[in-house]
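Notes for the one structure printed next.
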Amino acid sequence: METEHSRPRTVNCPTCAVLVEWGPAQPWRPFCSERCRLIDLGSWLDESHRIPAEDATLLTDENDSQ
């Protein structure tokens with residue numbers, strides 16, 4: 001019987017959605033290739049991907065009023 005731990009874990013490549021085995025044999029994980037990894041990096045560098053943040057001035061104003 002196959003258990004969850006005996007099957008290799010797979011994830012979808014964040015760039016192209018190809019299934020990728022998550023393990024030491026896959027050097028680009030979670031990406032399927034260096035190409036997809038570099039495409040993702042380029043998106044962060046040109047700010048297509050961003051992590052939302054609060055405005056620093058709003059945080060300063062809130063701290064001053066306390």
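We name chains A, B, ... following the order of the structure tokens; residues begin at 1 in each chain, and ligands are numbered from 1 as shown.
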Contacts of Arg37 in chain A at 12 Å or less, counting only C-alpha atoms, minus same-chain residues fewer than 4 places along, as a CSV table (one decimal) with C-alpha atoms, in the first residue's frame?
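Full text of selection-v2.csv as output:
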chain,number,residue,atom,x,y,z
A,13,CYS,CA,5.7,25.5,-11.1
A,14,PRO,CA,4.6,29.1,-10.1
A,15,THR,CA,5.5,30.4,-13.6
A,16,CYS,CA,4.2,27.8,-16.1
A,27,PRO,CA,17.6,22.0,-8.2
A,28,TRP,CA,15.2,24.7,-9.3
A,29,ARG,CA,12.2,23.7,-7.1
A,30,PRO,CA,9.5,25.0,-6.9
A,31,PHE,CA,10.2,26.0,-10.5
A,32,CYS,CA,10.5,23.5,-13.3
A,33,SER,CA,13.6,25.0,-14.8
A,41,LEU,CA,12.9,36.9,-10.6
A,42,GLY,CA,12.5,39.4,-13.4
A,43,SER,CA,8.9,39.9,-12.3
A,44,TRP,CA,10.0,40.8,-8.8
Original post:
Could you work out how far CA of Asp40 in chain A lies from CA of Ala53 in chain A, giving the answer in Å with one decimal?
Top reply: 20.2 Å
Original post:
What lies within 8 Å of Val11 in chain A using only C-alpha atoms, ignoring chain neighbours under 5 positions off, as a list in words?
Top reply: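 The filter keeps Leu19, Val20, Glu21, Trp22 and Pro30 of chain A.
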**OP:** Might you pull out every residue within 9 Å of Gly23 in chain A, with only C-alpha atoms counted and same-chain residues fewer than 5 positions away left off, and present them as a ChimeraX atom specification?
**Re:** /A:8-10,29
Original post:
Smallest atom-to-atom distance to Cys36 in chain A: which of A:Val18, A:Pro24, A:Ser6, A:His49, using only C-alpha atoms?
Top reply: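 For Cys36 in chain A, the nearest of the given residues is A:Val18.
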